file start_31.cif (mmCIF, C-alpha atoms)
data_data
loop_
_atom_site.label_atom_id
_atom_site.label_comp_id
_atom_site.auth_asym_id
_atom_site.auth_seq_id
_atom_site.Cartn_x
_atom_site.Cartn_y
_atom_site.Cartn_z
CA MET E 1 162.16 86.12 129.07
CA LYS E 2 162.38 89.23 126.97
CA LYS E 3 160.07 87.60 124.45
CA ILE E 4 157.49 86.80 127.12
CA LYS E 5 157.59 90.39 128.44
CA LEU E 6 157.27 91.75 124.90
CA ILE E 7 154.35 89.44 124.08
CA SER E 8 152.68 90.30 127.40
CA LEU E 9 153.16 94.01 126.78
CA LEU E 10 151.71 93.71 123.27
CA ALA E 11 148.75 91.69 124.58
CA ILE E 12 148.01 94.29 127.26
CA ALA E 13 148.32 97.15 124.76
CA GLY E 14 146.10 95.34 122.24
CA SER E 15 143.38 94.53 124.75
CA THR E 16 143.47 98.08 126.09
CA LEU E 17 143.08 99.39 122.56
CA ILE E 18 140.23 97.01 121.74
CA PHE E 19 138.20 97.52 124.91
CA SER E 20 138.77 101.24 125.26
CA CYS E 21 137.29 102.05 121.84
CA SER E 22 133.65 102.95 121.90
CA LYS E 23 131.26 102.50 119.06
CA LYS E 24 130.26 105.70 117.37
CA GLU E 25 126.52 106.07 117.20
CA LYS E 26 125.05 107.21 113.95
CA LYS E 27 123.06 110.37 114.38
CA GLU E 28 120.17 111.07 112.09
CA LEU E 29 119.77 114.56 110.82
CA THR E 30 116.40 116.03 111.58
CA PHE E 31 114.88 119.14 110.15
CA ASP E 32 112.07 121.23 111.49
CA TYR E 33 110.61 121.48 108.00
CA LYS E 34 106.87 121.69 107.73
CA PRO E 35 105.48 121.41 104.22
CA GLU E 36 103.43 124.43 103.25
CA LEU E 37 100.08 123.01 102.21
CA ALA E 38 96.44 123.91 101.85
CA HIS E 39 93.46 121.55 101.92
CA VAL E 40 90.04 121.52 100.30
CA LYS E 41 87.58 118.91 101.50
CA GLY E 42 83.89 118.20 101.68
CA PHE E 43 81.09 115.92 100.55
CA VAL E 44 80.29 115.02 96.96
CA LYS E 45 76.55 114.74 96.29
CA ALA E 46 74.12 113.95 93.48
CA ASN E 47 70.34 113.61 93.30
CA LEU E 48 70.23 109.85 92.74
CA ASN E 49 66.68 109.42 94.09
CA THR E 50 64.03 112.00 93.23
CA THR E 51 61.33 110.24 95.26
CA ASN E 52 62.67 111.62 98.54
CA ASP E 53 62.66 115.25 97.38
CA THR E 54 60.22 117.65 99.04
CA MET E 55 58.32 119.34 96.25
CA ALA E 56 56.37 121.74 98.47
CA THR E 57 59.55 123.64 99.28
CA THR E 58 61.50 122.55 96.18
CA PHE E 59 64.03 121.01 98.55
CA LEU E 60 66.18 118.36 96.91
CA ASN E 61 67.67 115.55 98.96
CA PHE E 62 71.07 114.72 97.56
CA GLU E 63 72.73 111.36 98.06
CA ASN E 64 76.45 110.61 98.14
CA ALA E 65 78.17 110.36 94.77
CA PRO E 66 79.55 106.88 94.07
CA ALA E 67 82.77 105.91 95.83
CA GLY E 68 85.73 106.10 93.49
CA THR E 69 84.49 109.13 91.55
CA VAL E 70 87.59 111.16 90.68
CA ILE E 71 87.84 114.83 91.67
CA TYR E 72 90.56 117.09 90.23
CA ALA E 73 92.00 120.46 91.26
CA LYS E 74 93.90 122.48 88.68
CA PHE E 75 96.09 125.49 89.45
CA ASN E 76 98.83 127.42 87.72
CA SER E 77 102.27 126.64 89.13
CA SER E 78 103.11 130.36 89.07
CA ASP E 79 100.94 130.59 92.21
CA LEU E 80 103.81 128.88 94.07
CA ILE E 81 106.45 131.49 93.16
CA THR E 82 106.90 134.89 94.77
CA ASN E 83 107.63 136.90 91.63
CA PRO E 84 106.83 134.77 88.61
CA SER E 85 107.98 135.84 85.18
CA GLY E 86 107.21 134.07 81.97
CA THR E 87 104.79 131.24 81.40
CA TYR E 88 104.16 128.46 83.89
CA ALA E 89 102.37 125.16 83.38
CA ASP E 90 99.17 124.14 85.10
CA ALA E 91 99.42 121.50 87.82
CA ILE E 92 96.67 119.01 88.55
CA VAL E 93 96.11 117.01 91.73
CA LYS E 94 93.37 114.45 92.20
CA ALA E 95 91.39 112.68 94.88
CA THR E 96 88.74 110.00 94.92
CA VAL E 97 85.40 110.06 96.65
CA SER E 98 85.33 107.75 99.69
CA THR E 99 82.58 105.32 100.64
CA THR E 100 81.19 108.03 102.95
CA GLY E 101 80.96 110.51 100.05
CA GLU E 102 83.91 112.64 101.15
CA TYR E 103 86.96 113.91 99.30
CA GLN E 104 90.10 115.80 100.28
CA ILE E 105 92.54 117.56 97.99
CA THR E 106 95.89 118.79 99.28
CA VAL E 107 97.92 121.31 97.29
CA PRO E 108 101.18 123.12 97.90
CA ALA E 109 100.67 126.73 98.98
CA ARG E 110 103.55 129.01 99.72
CA TYR E 111 103.76 132.75 99.25
CA LYS E 112 100.43 133.79 97.85
CA THR E 113 96.88 132.65 97.24
CA VAL E 114 96.50 129.56 95.08
CA ASN E 115 93.49 129.69 92.76
CA LEU E 116 92.02 126.20 92.28
CA THR E 117 89.53 125.07 89.68
CA ILE E 118 87.83 121.91 90.92
CA TYR E 119 86.23 119.58 88.41
CA ALA E 120 85.41 115.88 88.16
CA ASP E 121 84.90 112.95 85.85
CA ASP E 122 81.28 112.41 84.83
CA PHE E 123 79.56 109.31 86.13
CA SER E 124 76.37 107.49 85.19
CA ALA E 125 73.85 105.99 87.57
CA ASP E 126 70.23 104.90 87.62
CA GLN E 127 68.19 107.78 89.02
CA VAL E 128 65.10 106.58 90.90
CA VAL E 129 62.12 108.63 89.71
CA SER E 130 59.16 106.59 90.99
CA ILE E 131 58.58 104.06 93.75
CA SER E 132 55.22 102.63 92.71
CA PRO E 133 55.65 101.43 90.08
CA SER E 134 59.41 101.34 90.52
CA GLN E 135 61.05 103.37 87.78
CA SER E 136 64.60 104.50 87.28
CA TYR E 137 66.45 105.91 84.32
CA ARG E 138 70.11 105.98 83.46
CA LYS E 139 71.40 109.48 83.95
CA ILE E 140 74.82 111.01 83.33
CA TYR E 141 75.89 113.28 86.18
CA SER E 142 78.32 116.17 85.62
CA LEU E 143 79.98 118.65 87.94
CA ALA E 144 80.20 122.29 86.90
CA PRO E 145 83.71 123.63 87.66
CA VAL E 146 84.06 125.24 91.08
CA THR E 147 86.67 127.90 91.86
CA VAL E 148 88.26 128.05 95.31
CA ASP E 149 91.10 130.23 96.61
CA VAL E 150 93.37 128.79 99.32
CA ASN E 151 96.37 129.98 101.32
CA LYS E 152 99.05 128.01 103.13
CA ASP E 153 97.96 126.17 106.28
CA GLN E 154 94.30 126.74 105.38
CA THR E 155 91.49 124.18 105.13
CA ILE E 156 88.45 125.07 103.05
CA ILE E 157 85.24 123.05 103.19
CA GLN E 158 83.63 122.94 99.76
CA ASP E 159 80.80 120.50 99.12
CA LEU E 160 80.36 119.52 95.48
CA TYR E 161 77.01 118.86 93.78
CA PHE E 162 76.62 116.92 90.55
CA ASN E 163 73.71 117.73 88.19
#

call {"tool": "encode", "arguments": {"input": "start_31.cif", "output": "structure tokens"}}
result
Amino acid sequence: MKKIKLISLLAIAGSTLIFSCSKKEKKELTFDYKPELAHVKGFVKANLNTTNDTMATTFLNFENAPAGTVIYAKFNSSDLITNPSGTYADAIVKATVSTTGEYQITVPARYKTVNLTIYADDFSADQVVSISPSQSYRKIYSLAPVTVDVNKDQTIIQDLYFN
């Protein structure tokens, strides 16, 4: 009888222990950290068809640069430090031109103005110069470097024009 009471007591204690325990939920740590960034975006254009230019006003109609053209932004990494001392390397970020002719470059920007030099890979395309008779010539298009200053949380619109 003592054995039955002891076994019953152990069974009750065990089941109480098992069912009274609750699972601990894992809590994820969250931070209210917002990256400090700046953005430069715009259209990338080139005069791929000279037949639609208006010569009376010397107005040139630019077309979108080819999708996939690579755009770069170079800046000195000392621009990301409050009180830089010594020599710092240049950093380069890149973007590609979309099918709609747009690009967007995002760079870190923290304590002070970041000075960007935007440049691009050259590309070649057939430039249409006459409709009747149809004439086009292979042309190499280049982008002259463009300088843009950005600050954190800022978006600058800078269209780029290849010559």

call {"tool": "residues_around", "arguments": {"input": "start_31.cif", "residues": "segment 88-104 of chain E", "least_positions_apart": "2", "cutoff": "7 Å", "atoms": "all atoms listed in the file", "output": "PyMOL selection string"}}
result
chain E and resi 39-44+64-65+67-78+86+106

call {"tool": "residues_near_point", "arguments": {"input": "start_31.cif", "point": "(64.1, 108.7, 93.0)", "cutoff": "12 Å", "atoms": "all atoms listed in the file", "output": "list of chain:residue names"}}
result
E:Ala46, E:Asn47, E:Leu48, E:Asn49, E:Thr50, E:Thr51, E:Asn52, E:Asp53, E:Thr54, E:Leu60, E:Asn61, E:Phe62, E:Glu63, E:Ala125, E:Asp126, E:Gln127, E:Val128, E:Val129, E:Ser130, E:Ile131, E:Ser132, E:Pro133, E:Ser134, E:Gln135, E:Ser136, E:Tyr137, E:Arg138, E:Lys139

call {"tool": "closest_residue", "arguments": {"input": "start_31.cif", "among": "E:Ile105, E:Ile118, E:Val150, E:Ile140", "to": "Asn163 of chain E", "atoms": "all atoms listed in the file"}}
result
E:Ile140

call {"tool": "atom_distance", "arguments": {"input": "start_31.cif", "atom1": "atom CA of Phe162 of chain E", "atom2": "atom CA of Asp122 of chain E"}}
result
8.6 Å

call {"tool": "resolve_selection", "arguments": {"input": "start_31.cif", "expression": "the PyMOL selection byres ((chain E and resi 108-112) around 7)", "output": "list in words"}}
result
Glu36, Leu37, Ala38, Asp79, Leu80, Ile81, Thr82, Thr106, Val107, Thr113, Val114, Asn151 and Lys152 of chain E

call {"tool": "atom_distance", "arguments": {"input": "start_31.cif", "atom1": "atom CA of Phe59 of chain E", "atom2": "atom CA of Val148 of chain E"}}
result
25.4 Å

call {"tool": "atom_distance", "arguments": {"input": "start_31.cif", "atom1": "atom CA of Asp121 of chain E", "atom2": "atom CA of Tyr141 of chain E"}}
result
9.0 Å

call {"tool": "residues_around", "arguments": {"input": "start_31.cif", "residues": "Thr147 of chain E", "least_positions_apart": "6", "cutoff": "8 Å", "atoms": "all atoms listed in the file", "output": "MDAnalysis selection string"}}
result
chainID E and resid 115:118
